[in-house]
file protein-v7.tsv (TSV, C-alpha atoms and all ligand atoms)
chain	number	residue	atom	x	y	z
A	1	MET	CA	0.00	0.00	0.00
A	2	LYS	CA	1.13	3.54	-0.76
A	3	ASP	CA	2.75	5.22	2.26
A	4	LEU	CA	0.14	7.84	3.07
A	5	ASN	CA	2.05	9.05	6.14
A	6	HIS	CA	4.55	10.75	3.94
A	7	ILE	CA	4.59	14.41	5.00
A	8	ASN	CA	5.75	15.61	1.58
A	9	THR	CA	2.84	14.15	-0.38
A	10	LYS	CA	1.38	16.97	-2.47
A	11	ILE	CA	-2.36	17.25	-2.98
A	12	LEU	CA	-4.05	17.93	-6.31
A	13	GLY	CA	-7.76	17.76	-7.00
A	14	LEU	CA	-10.89	18.44	-8.93
A	15	ILE	CA	-13.71	20.65	-7.69
A	16	GLY	CA	-17.21	20.71	-9.15
A	17	HIS	CA	-20.84	20.11	-8.17
A	18	PRO	CA	-22.18	17.56	-8.44
A	19	ILE	CA	-18.93	15.68	-8.99
A	20	LYS	CA	-19.85	13.29	-11.76
A	21	HIS	CA	-17.71	10.40	-12.82
A	22	SER	CA	-14.38	11.82	-14.01
A	23	TYR	CA	-11.29	10.27	-15.58
A	24	SER	CA	-9.02	12.98	-14.17
A	25	PRO	CA	-8.18	11.12	-10.92
A	26	TYR	CA	-7.17	8.08	-13.00
A	27	ILE	CA	-5.02	10.17	-15.39
A	28	HIS	CA	-3.20	12.18	-12.72
A	29	ASN	CA	-2.71	9.40	-10.17
A	30	LEU	CA	-1.36	7.07	-12.87
A	31	THR	CA	0.96	9.85	-14.07
A	32	ALA	CA	2.27	10.40	-10.55
A	33	GLU	CA	2.87	6.66	-10.18
A	34	LEU	CA	4.70	6.38	-13.53
A	35	LEU	CA	6.87	9.42	-12.78
A	36	GLY	CA	7.45	8.51	-9.13
A	37	PHE	CA	6.11	11.94	-8.20
A	38	ASP	CA	4.78	12.07	-4.66
A	39	CYS	CA	1.24	13.42	-5.00
A	40	ILE	CA	-2.37	12.36	-4.79
A	41	TYR	CA	-5.30	13.66	-6.88
A	42	LEU	CA	-8.74	13.67	-5.29
A	43	PRO	CA	-12.25	14.74	-6.39
A	44	PHE	CA	-14.03	17.27	-4.11
A	45	ASP	CA	-17.77	17.99	-4.33
A	46	VAL	CA	-18.07	21.73	-3.65
A	47	PRO	CA	-21.38	23.61	-4.07
A	48	ALA	CA	-21.27	27.23	-5.28
A	49	SER	CA	-21.89	28.55	-1.75
A	50	ASP	CA	-18.62	26.94	-0.60
A	51	LEU	CA	-16.44	27.87	-3.53
A	52	ARG	CA	-14.66	30.76	-1.82
A	53	ASN	CA	-14.08	28.65	1.32
A	54	ALA	CA	-12.68	25.82	-0.81
A	55	LEU	CA	-10.06	28.21	-2.19
A	56	ARG	CA	-9.26	29.49	1.31
A	57	GLY	CA	-8.79	25.85	2.30
A	58	MET	CA	-6.59	25.31	-0.76
A	59	LYS	CA	-4.24	28.03	0.46
A	60	ALA	CA	-4.36	26.98	4.14
A	61	LEU	CA	-3.61	23.34	3.30
A	62	ASP	CA	-1.09	24.23	0.59
A	63	ILE	CA	-2.94	22.23	-2.05
A	64	LEU	CA	-0.82	22.50	-5.18
A	65	GLY	CA	-3.54	22.74	-7.79
A	66	PHE	CA	-7.14	22.14	-8.72
A	67	ASN	CA	-9.00	21.32	-11.87
A	68	ILE	CA	-12.31	23.13	-12.02
A	69	THR	CA	-15.40	21.63	-13.59
A	70	ILE	CA	-19.10	22.37	-14.03
A	71	PRO	CA	-20.63	24.63	-12.68
A	72	HIS	CA	-17.66	26.68	-11.39
A	73	LYS	CA	-15.52	27.32	-14.49
A	74	GLU	CA	-16.74	30.90	-14.91
A	75	SER	CA	-17.71	31.89	-11.36
A	76	ILE	CA	-14.32	30.87	-9.93
A	77	ILE	CA	-12.60	33.71	-11.79
A	78	GLN	CA	-13.69	36.36	-9.26
A	79	PHE	CA	-11.75	34.57	-6.48
A	80	LEU	CA	-8.41	34.28	-8.31
A	81	ASN	CA	-5.41	36.61	-8.15
A	82	GLU	CA	-4.60	36.28	-11.85
A	83	ILE	CA	-5.85	34.54	-14.95
A	84	SER	CA	-4.00	33.68	-18.13
A	85	GLU	CA	-4.73	35.45	-21.39
A	86	GLU	CA	-6.57	32.52	-22.95
A	87	ALA	CA	-8.74	31.94	-19.84
A	88	SER	CA	-9.55	35.64	-19.81
A	89	ILE	CA	-10.65	35.68	-23.45
A	90	ILE	CA	-12.61	32.43	-23.18
A	91	GLY	CA	-14.05	33.50	-19.81
A	92	SER	CA	-13.53	30.06	-18.32
A	93	VAL	CA	-10.92	28.45	-16.06
A	94	ASN	CA	-10.34	24.69	-15.76
A	95	THR	CA	-7.03	24.74	-13.85
A	96	ILE	CA	-5.80	26.68	-10.81
A	97	VAL	CA	-2.20	26.81	-9.65
A	98	ASN	CA	-1.51	27.71	-6.02
A	99	ASP	CA	1.88	29.42	-5.81
A	100	HIS	CA	2.35	30.01	-2.06
A	101	GLY	CA	-1.13	31.51	-1.72
A	102	LYS	CA	-1.27	33.25	-5.09
A	103	LEU	CA	-3.95	31.60	-7.22
A	104	THR	CA	-3.69	31.73	-11.01
A	105	GLY	CA	-6.32	30.37	-13.40
A	106	TYR	CA	-5.69	28.77	-16.80
A	107	ASN	CA	-7.73	27.08	-19.52
A	108	THR	CA	-5.79	23.99	-20.57
A	109	ASP	CA	-8.56	22.77	-22.91
A	110	VAL	CA	-6.92	25.19	-25.34
A	111	ASN	CA	-3.69	23.17	-25.15
A	112	GLY	CA	-5.68	19.96	-25.58
A	113	VAL	CA	-7.36	21.23	-28.74
A	114	PHE	CA	-4.19	22.84	-30.12
A	115	GLU	CA	-1.93	19.84	-29.64
A	116	THR	CA	-4.56	17.45	-30.98
A	117	LEU	CA	-4.95	19.47	-34.19
A	118	ILE	CA	-1.41	20.71	-34.80
A	119	PRO	CA	-0.34	17.53	-36.69
A	120	TYR	CA	-3.03	18.49	-39.27
A	121	ASN	CA	-2.07	22.17	-39.46
A	122	GLU	CA	-1.28	22.12	-43.18
A	123	GLU	CA	-4.61	20.53	-44.07
A	124	ILE	CA	-6.82	22.79	-41.95
A	125	ASN	CA	-5.04	26.16	-41.96
A	126	GLY	CA	-7.13	28.73	-43.86
A	127	GLU	CA	-9.98	26.27	-44.52
A	128	VAL	CA	-13.70	26.13	-43.76
A	129	ILE	CA	-14.23	24.70	-40.28
A	130	THR	CA	-17.49	23.67	-38.65
A	131	VAL	CA	-17.95	23.63	-34.88
A	132	VAL	CA	-21.06	21.99	-33.48
A	133	GLY	CA	-21.92	23.18	-29.96
A	134	ALA	CA	-21.90	26.47	-28.11
A	135	GLY	CA	-20.99	25.46	-24.55
A	136	GLY	CA	-17.77	25.73	-22.57
A	137	SER	CA	-15.69	23.38	-24.72
A	138	ALA	CA	-16.88	25.09	-27.93
A	139	ARG	CA	-15.50	28.37	-26.57
A	140	ALA	CA	-12.06	26.79	-26.05
A	141	VAL	CA	-12.25	25.26	-29.53
A	142	ILE	CA	-13.20	28.54	-31.22
A	143	TYR	CA	-10.46	30.47	-29.38
A	144	THR	CA	-7.85	27.91	-30.47
A	145	LEU	CA	-9.00	27.85	-34.09
A	146	ILE	CA	-8.90	31.63	-34.42
A	147	ARG	CA	-5.63	32.01	-32.53
A	148	HIS	CA	-3.69	29.19	-34.20
A	149	PHE	CA	-5.33	27.91	-37.40
A	150	LYS	CA	-6.50	31.04	-39.27
A	151	PRO	CA	-9.81	29.59	-40.52
A	152	LYS	CA	-11.33	31.04	-43.67
A	153	VAL	CA	-14.81	30.59	-42.17
A	154	ILE	CA	-16.12	29.10	-38.94
A	155	ASN	CA	-19.61	27.60	-39.20
A	156	LEU	CA	-21.21	27.50	-35.77
A	157	ILE	CA	-24.03	25.00	-35.42
A	158	ASN	CA	-26.03	24.60	-32.24
A	159	ARG	CA	-29.37	23.17	-31.07
A	160	THR	CA	-30.17	26.57	-29.51
A	161	LEU	CA	-29.39	29.03	-32.29
A	162	GLN	CA	-29.36	31.98	-29.89
A	163	ARG	CA	-26.32	30.55	-28.09
A	164	ALA	CA	-24.41	30.17	-31.36
A	165	GLU	CA	-25.24	33.78	-32.21
A	166	SER	CA	-24.04	34.96	-28.80
A	167	LEU	CA	-20.73	33.17	-29.37
A	168	ARG	CA	-20.39	34.76	-32.77
A	169	GLU	CA	-20.87	38.25	-31.26
A	170	TYR	CA	-18.58	37.46	-28.36
A	171	PHE	CA	-15.64	36.27	-30.47
A	172	SER	CA	-16.14	38.92	-33.14
A	173	GLU	CA	-15.63	41.51	-30.44
A	174	LYS	CA	-12.95	39.78	-28.34
A	175	MET	CA	-10.81	38.39	-31.17
A	176	LYS	CA	-11.78	40.63	-34.09
A	177	PHE	CA	-12.76	37.61	-36.17
A	178	ASP	CA	-15.84	38.14	-38.33
A	179	SER	CA	-16.05	35.14	-40.66
A	180	PHE	CA	-18.77	33.26	-38.81
A	181	ASN	CA	-21.93	31.62	-40.12
A	182	THR	CA	-24.45	30.38	-37.56
A	183	PHE	CA	-26.98	27.58	-38.05
A	184	GLU	CA	-29.52	25.70	-36.03
A	185	LEU	CA	-28.82	21.99	-35.64
A	186	PHE	CA	-31.31	20.93	-38.30
A	187	PRO	CA	-30.71	18.07	-40.78
A	188	PRO	CA	-31.33	19.68	-44.23
A	189	VAL	CA	-28.95	22.56	-43.54
A	190	LEU	CA	-26.53	20.31	-41.73
A	191	VAL	CA	-25.63	18.09	-44.71
A	192	GLU	CA	-24.64	20.99	-46.92
A	193	VAL	CA	-22.63	22.74	-44.21
A	194	LEU	CA	-20.85	19.56	-43.16
A	195	GLU	CA	-20.00	18.32	-46.64
A	196	ASN	CA	-18.34	21.64	-47.48
A	197	SER	CA	-16.16	21.70	-44.34
A	198	LYS	CA	-12.54	20.57	-44.19
A	199	LEU	CA	-12.65	20.08	-40.44
A	200	ILE	CA	-15.75	19.24	-38.38
A	201	ILE	CA	-15.58	19.40	-34.60
A	202	ASN	CA	-18.30	18.01	-32.37
A	203	ALA	CA	-18.22	19.99	-29.12
A	204	THR	CA	-21.59	18.74	-27.87
A	205	SER	CA	-22.36	15.74	-25.70
A	206	ILE	CA	-24.30	14.06	-28.53
A	207	GLY	CA	-23.29	10.40	-28.72
A	208	MET	CA	-21.78	10.31	-25.23
A	209	TYR	CA	-22.36	7.26	-23.02
A	210	PRO	CA	-25.08	6.12	-22.29
A	211	ASP	CA	-26.69	7.71	-25.41
A	212	ILE	CA	-24.26	6.02	-27.73
A	213	ASP	CA	-26.77	5.60	-30.58
A	214	ASP	CA	-27.19	9.37	-30.94
A	215	THR	CA	-25.28	11.24	-33.63
A	216	LEU	CA	-25.28	14.64	-35.32
A	217	THR	CA	-26.38	13.06	-38.56
A	218	GLU	CA	-26.76	9.63	-40.11
A	219	ILE	CA	-26.49	11.03	-43.63
A	220	ASN	CA	-23.37	9.55	-45.21
A	221	LYS	CA	-23.24	12.32	-47.79
A	222	SER	CA	-22.16	14.76	-45.02
A	223	PHE	CA	-18.68	13.22	-45.00
A	224	ASN	CA	-15.91	12.45	-47.48
A	225	GLU	CA	-12.30	11.27	-47.67
A	226	ASN	CA	-10.88	14.83	-47.71
A	227	GLN	CA	-12.21	15.68	-44.27
A	228	ILE	CA	-11.06	15.51	-40.67
A	229	ILE	CA	-13.70	14.85	-38.02
A	230	PHE	CA	-12.77	15.56	-34.39
A	231	ASP	CA	-15.27	14.45	-31.75
A	232	LEU	CA	-14.56	15.81	-28.25
A	233	VAL	CA	-16.58	12.96	-26.76
A	234	TYR	CA	-14.20	10.34	-25.28
A	235	ASN	CA	-16.69	7.75	-24.02
A	236	PRO	CA	-17.28	5.72	-26.12
A	237	THR	CA	-13.83	5.94	-27.69
A	238	GLU	CA	-15.43	5.67	-31.14
A	239	THR	CA	-18.75	7.52	-31.29
A	240	LYS	CA	-21.42	6.77	-33.85
A	241	LEU	CA	-20.44	10.03	-35.61
A	242	LEU	CA	-16.85	8.84	-35.98
A	243	LYS	CA	-17.99	5.44	-37.22
A	244	ILE	CA	-20.17	6.98	-39.94
A	245	ALA	CA	-17.50	9.50	-40.99
A	246	SER	CA	-14.79	6.85	-41.00
A	247	LYS	CA	-16.87	4.64	-43.32
A	248	GLN	CA	-16.94	7.54	-45.80
A	249	GLY	CA	-13.13	7.70	-45.68
A	250	ALA	CA	-12.76	10.76	-43.42
A	251	LEU	CA	-9.88	10.94	-40.95
A	252	THR	CA	-11.34	10.69	-37.45
A	253	ILE	CA	-10.02	11.82	-34.05
A	254	ASN	CA	-11.69	10.97	-30.74
A	255	GLY	CA	-11.67	13.04	-27.53
A	256	ILE	CA	-9.12	10.93	-25.64
A	257	LYS	CA	-6.04	12.70	-26.96
A	258	MET	CA	-7.46	16.09	-26.00
A	259	LEU	CA	-8.46	14.80	-22.57
A	260	VAL	CA	-4.92	13.58	-21.92
A	261	LEU	CA	-3.22	16.63	-23.44
A	262	GLN	CA	-5.25	19.13	-21.42
A	263	ALA	CA	-4.45	17.08	-18.31
A	264	ALA	CA	-0.75	17.04	-19.27
A	265	LYS	CA	-0.70	20.82	-19.41
A	266	SER	CA	-2.37	21.07	-15.99
A	267	PHE	CA	0.07	18.55	-14.50
A	268	ASP	CA	2.99	20.51	-15.94
A	269	LEU	CA	1.65	23.79	-14.53
A	270	TRP	CA	1.31	22.23	-11.07
A	271	THR	CA	4.45	20.14	-10.89
A	272	GLU	CA	6.78	21.15	-13.78
A	273	GLN	CA	6.78	17.46	-14.68
A	274	THR	CA	6.08	16.06	-18.16
A	275	MET	CA	3.24	13.58	-18.37
A	276	PRO	CA	4.06	10.44	-20.43
A	277	THR	CA	1.06	11.16	-22.64
A	278	GLU	CA	1.33	8.18	-24.98
A	279	LYS	CA	1.38	5.70	-22.11
A	280	ILE	CA	-1.48	7.48	-20.37
A	281	GLU	CA	-3.52	7.59	-23.57
A	282	LYS	CA	-3.11	3.85	-24.12
A	283	ALA	CA	-3.98	3.05	-20.52
A	284	LEU	CA	-7.00	5.35	-20.61
A	285	GLN	CA	-8.34	3.77	-23.83
A	286	LEU	CA	-8.37	0.39	-22.08
A	287	TYR	CA	-9.73	1.81	-18.82
A	288	ILE	CA	-12.67	3.47	-20.62
A	289	LYS	CA	-13.44	0.35	-22.68
A	290	ASN	CA	-13.60	-1.88	-19.58
B	301	LIG	P1	-21.76	22.28	-22.15
B	301	LIG	O1	-21.09	23.56	-21.83
B	301	LIG	O2	-22.83	21.77	-21.24
B	301	LIG	O3	-22.40	22.42	-23.65
B	301	LIG	C1	-23.16	21.36	-24.17
B	301	LIG	C2	-23.40	21.59	-25.67
B	301	LIG	O4	-24.00	20.40	-26.19
B	301	LIG	C3	-24.36	22.73	-25.99
B	301	LIG	O5	-24.01	23.29	-27.21
B	301	LIG	C4	-25.71	21.99	-26.10
B	301	LIG	O6	-26.65	22.66	-26.91
B	301	LIG	C5	-25.27	20.71	-26.76
B	301	LIG	N1	-26.15	19.58	-26.51
B	301	LIG	C6	-26.26	18.87	-25.36
B	301	LIG	N2	-27.13	17.87	-25.52
B	301	LIG	C7	-27.60	17.95	-26.79
B	301	LIG	C8	-28.53	17.20	-27.56
B	301	LIG	N3	-29.18	16.16	-27.04
B	301	LIG	N4	-28.76	17.56	-28.85
B	301	LIG	C9	-28.10	18.62	-29.37
B	301	LIG	N5	-27.21	19.37	-28.71
B	301	LIG	C10	-26.97	19.04	-27.43
B	301	LIG	O7	-20.74	21.09	-22.30
B	301	LIG	P2	-19.16	21.16	-22.68
B	301	LIG	O8	-18.39	21.32	-21.43
B	301	LIG	O9	-18.99	22.11	-23.77
B	301	LIG	O10	-18.92	19.65	-23.19
B	301	LIG	C11	-19.43	19.16	-24.43
B	301	LIG	C12	-18.88	17.77	-24.70
B	301	LIG	O11	-17.46	17.83	-24.86
B	301	LIG	C13	-19.12	16.76	-23.57
B	301	LIG	O12	-19.40	15.51	-24.13
B	301	LIG	C14	-17.78	16.70	-22.85
B	301	LIG	O13	-17.56	15.44	-22.22
B	301	LIG	C15	-16.83	16.90	-24.02
B	301	LIG	N6	-15.54	17.47	-23.59
B	301	LIG	C16	-14.43	16.76	-23.89
B	301	LIG	C17	-13.19	17.26	-23.53
B	301	LIG	C18	-11.96	16.47	-23.87
B	301	LIG	O14	-10.90	16.76	-23.29
B	301	LIG	N7	-12.02	15.53	-24.78
B	301	LIG	C19	-13.08	18.49	-22.86
B	301	LIG	C20	-14.25	19.20	-22.58
B	301	LIG	C21	-15.49	18.67	-22.95
B	301	LIG	P3	-27.64	23.79	-26.31
B	301	LIG	O15	-26.82	25.07	-26.28
B	301	LIG	O16	-28.77	23.84	-27.26
B	301	LIG	O17	-28.03	23.34	-24.93

call {"tool": "encode", "arguments": {"input": "protein-v7.tsv", "output": "structure tokens"}}
result
Amino acid sequence: MKDLNHINTKILGLIGHPIKHSYSPYIHNLTAELLGFDCIYLPFDVPASDLRNALRGMKALDILGFNITIPHKESIIQFLNEISEEASIIGSVNTIVNDHGKLTGYNTDVNGVFETLIPYNEEINGEVITVVGAGGSARAVIYTLIRHFKPKVINLINRTLQRAESLREYFSEKMKFDSFNTFELFPPVLVEVLENSKLIINATSIGMYPDIDDTLTEINKSFNENQIIFDLVYNPTETKLLKIASKQGALTINGIKMLVLQAAKSFDLWTEQTMPTEKIEKALQLYIKN
């Protein structure tokens, strides 16, 4: 058994409410074990009314870092000493570093998206890109696309059109990017928009376990062999969307790489240690499947 009496064991954690099942404890505790780094990562269920106290506790107990999840990613910002540029533009923090009582917020989903897509830079740079979704992860995706991949056009598709339009206004103002089209998630429009996109990113929870038979579209014509389809969903590891797109010859990417890469950035910010991402990705694939 791990020696839990060790006085130097550092504490990392995740705060959210309710704390749903998360793969972060698995990723970070396995990383610590592989690196021989003396820390433990724990989930903490913290309601909004206790958020400020949780951060006071973080300082008092010298907790090294937290991941932040729903519903605190935006509201936590008011309690931090500093936030990074990308977290400030996106308006959402998923990682806090405690540097001797000074709390700094970051958004490492940006690193997850960037490092997942950078191998395809030549194919997607300057092209038409479609993002489905208008929630927190879509914001990180849109920021990363505009900042790093110079899209010709971003098509924003969402079930609630109003939210897509709000994102369009938000990023037009914050990042001075105006080449947006917005659409409601509605099949006849969808096919045409999807088939004319070089890169399609699903940033909704459609197709996520247990609703694994759900998909954006079942229409094969939406996809072709010149496209890249990136689904942020990581459970199941191959969503119905990816299966359909793959059958049409498209290159498909699941959400596991991003999940591991955003975690790697957080772990680095907390510990200055490099996560063995390939090993973690392989282990996580098996862990999720079982
Ligand atoms: P969120 O802020 O709650 O946003 C959810 C989005 O999904 C909204 O656009 C919502 O549309 C849409 N949506 C939900 N259910 C839908 C349905 N049945 N039909 C159509 N649209 C639906 O969630 P999020 O944090 O952005 O996360 C979205 C997905 O990305 C989740 O599956 C999450 O697990 C995944 N994710 C993966 C990573 C990774 O590292 N791989 C990181 C972050 C998130 P409305 O606006 O109409 O409600």

call {"tool": "residues_near_ligand", "arguments": {"input": "protein-v7.tsv", "ligand": "ligand LIG 301 (chain B)", "cutoff": "6 Å", "atoms": "only C-alpha atoms and all ligand atoms", "output": "PyMOL selection string"}}
result
chain A and resi 133-138+158-160+163+203-206+208+232-234+255-256+258-259

call {"tool": "closest_residue", "arguments": {"input": "protein-v7.tsv", "among": "A:Ile76, A:Val132, A:Leu12, A:Ile27", "to": "Ser49 of chain A", "atoms": "all atoms listed in the file"}}
result
A:Ile76

call {"tool": "atom_distance", "arguments": {"input": "protein-v7.tsv", "atom1": "atom CA of Ile280 of chain A", "atom2": "atom CA of Thr95 of chain A"}}
result
19.3 Å

call {"tool": "residues_around", "arguments": {"input": "protein-v7.tsv", "residues": "Ala264 of chain A", "least_positions_apart": "6", "cutoff": "8 Å", "atoms": "all atoms listed in the file", "output": "list in words"}}
result
Thr274, Met275 and Thr277 of chain A

call {"tool": "closest_residue", "arguments": {"input": "protein-v7.tsv", "among": "A:Asn155, A:Thr144, A:Asn29, A:Thr239", "to": "Ile200 of chain A", "atoms": "all atoms listed in the file"}}
result
A:Asn155

call {"tool": "atom_distance", "arguments": {"input": "protein-v7.tsv", "atom1": "atom CA of Lys240 of chain A", "atom2": "atom CA of His148 of chain A"}}
result
28.6 Å

call {"tool": "axis_aligned_box", "arguments": {"input": "protein-v7.tsv", "around": "segment 12-30 of chain A", "padding_each_side": "8 Å", "output": "lines of an AutoDock Vina configuration file"}}
result
center_x = -11.8
center_y = 13.9
center_z = -10.9
size_x = 36.8
size_y = 29.6
size_z = 25.3
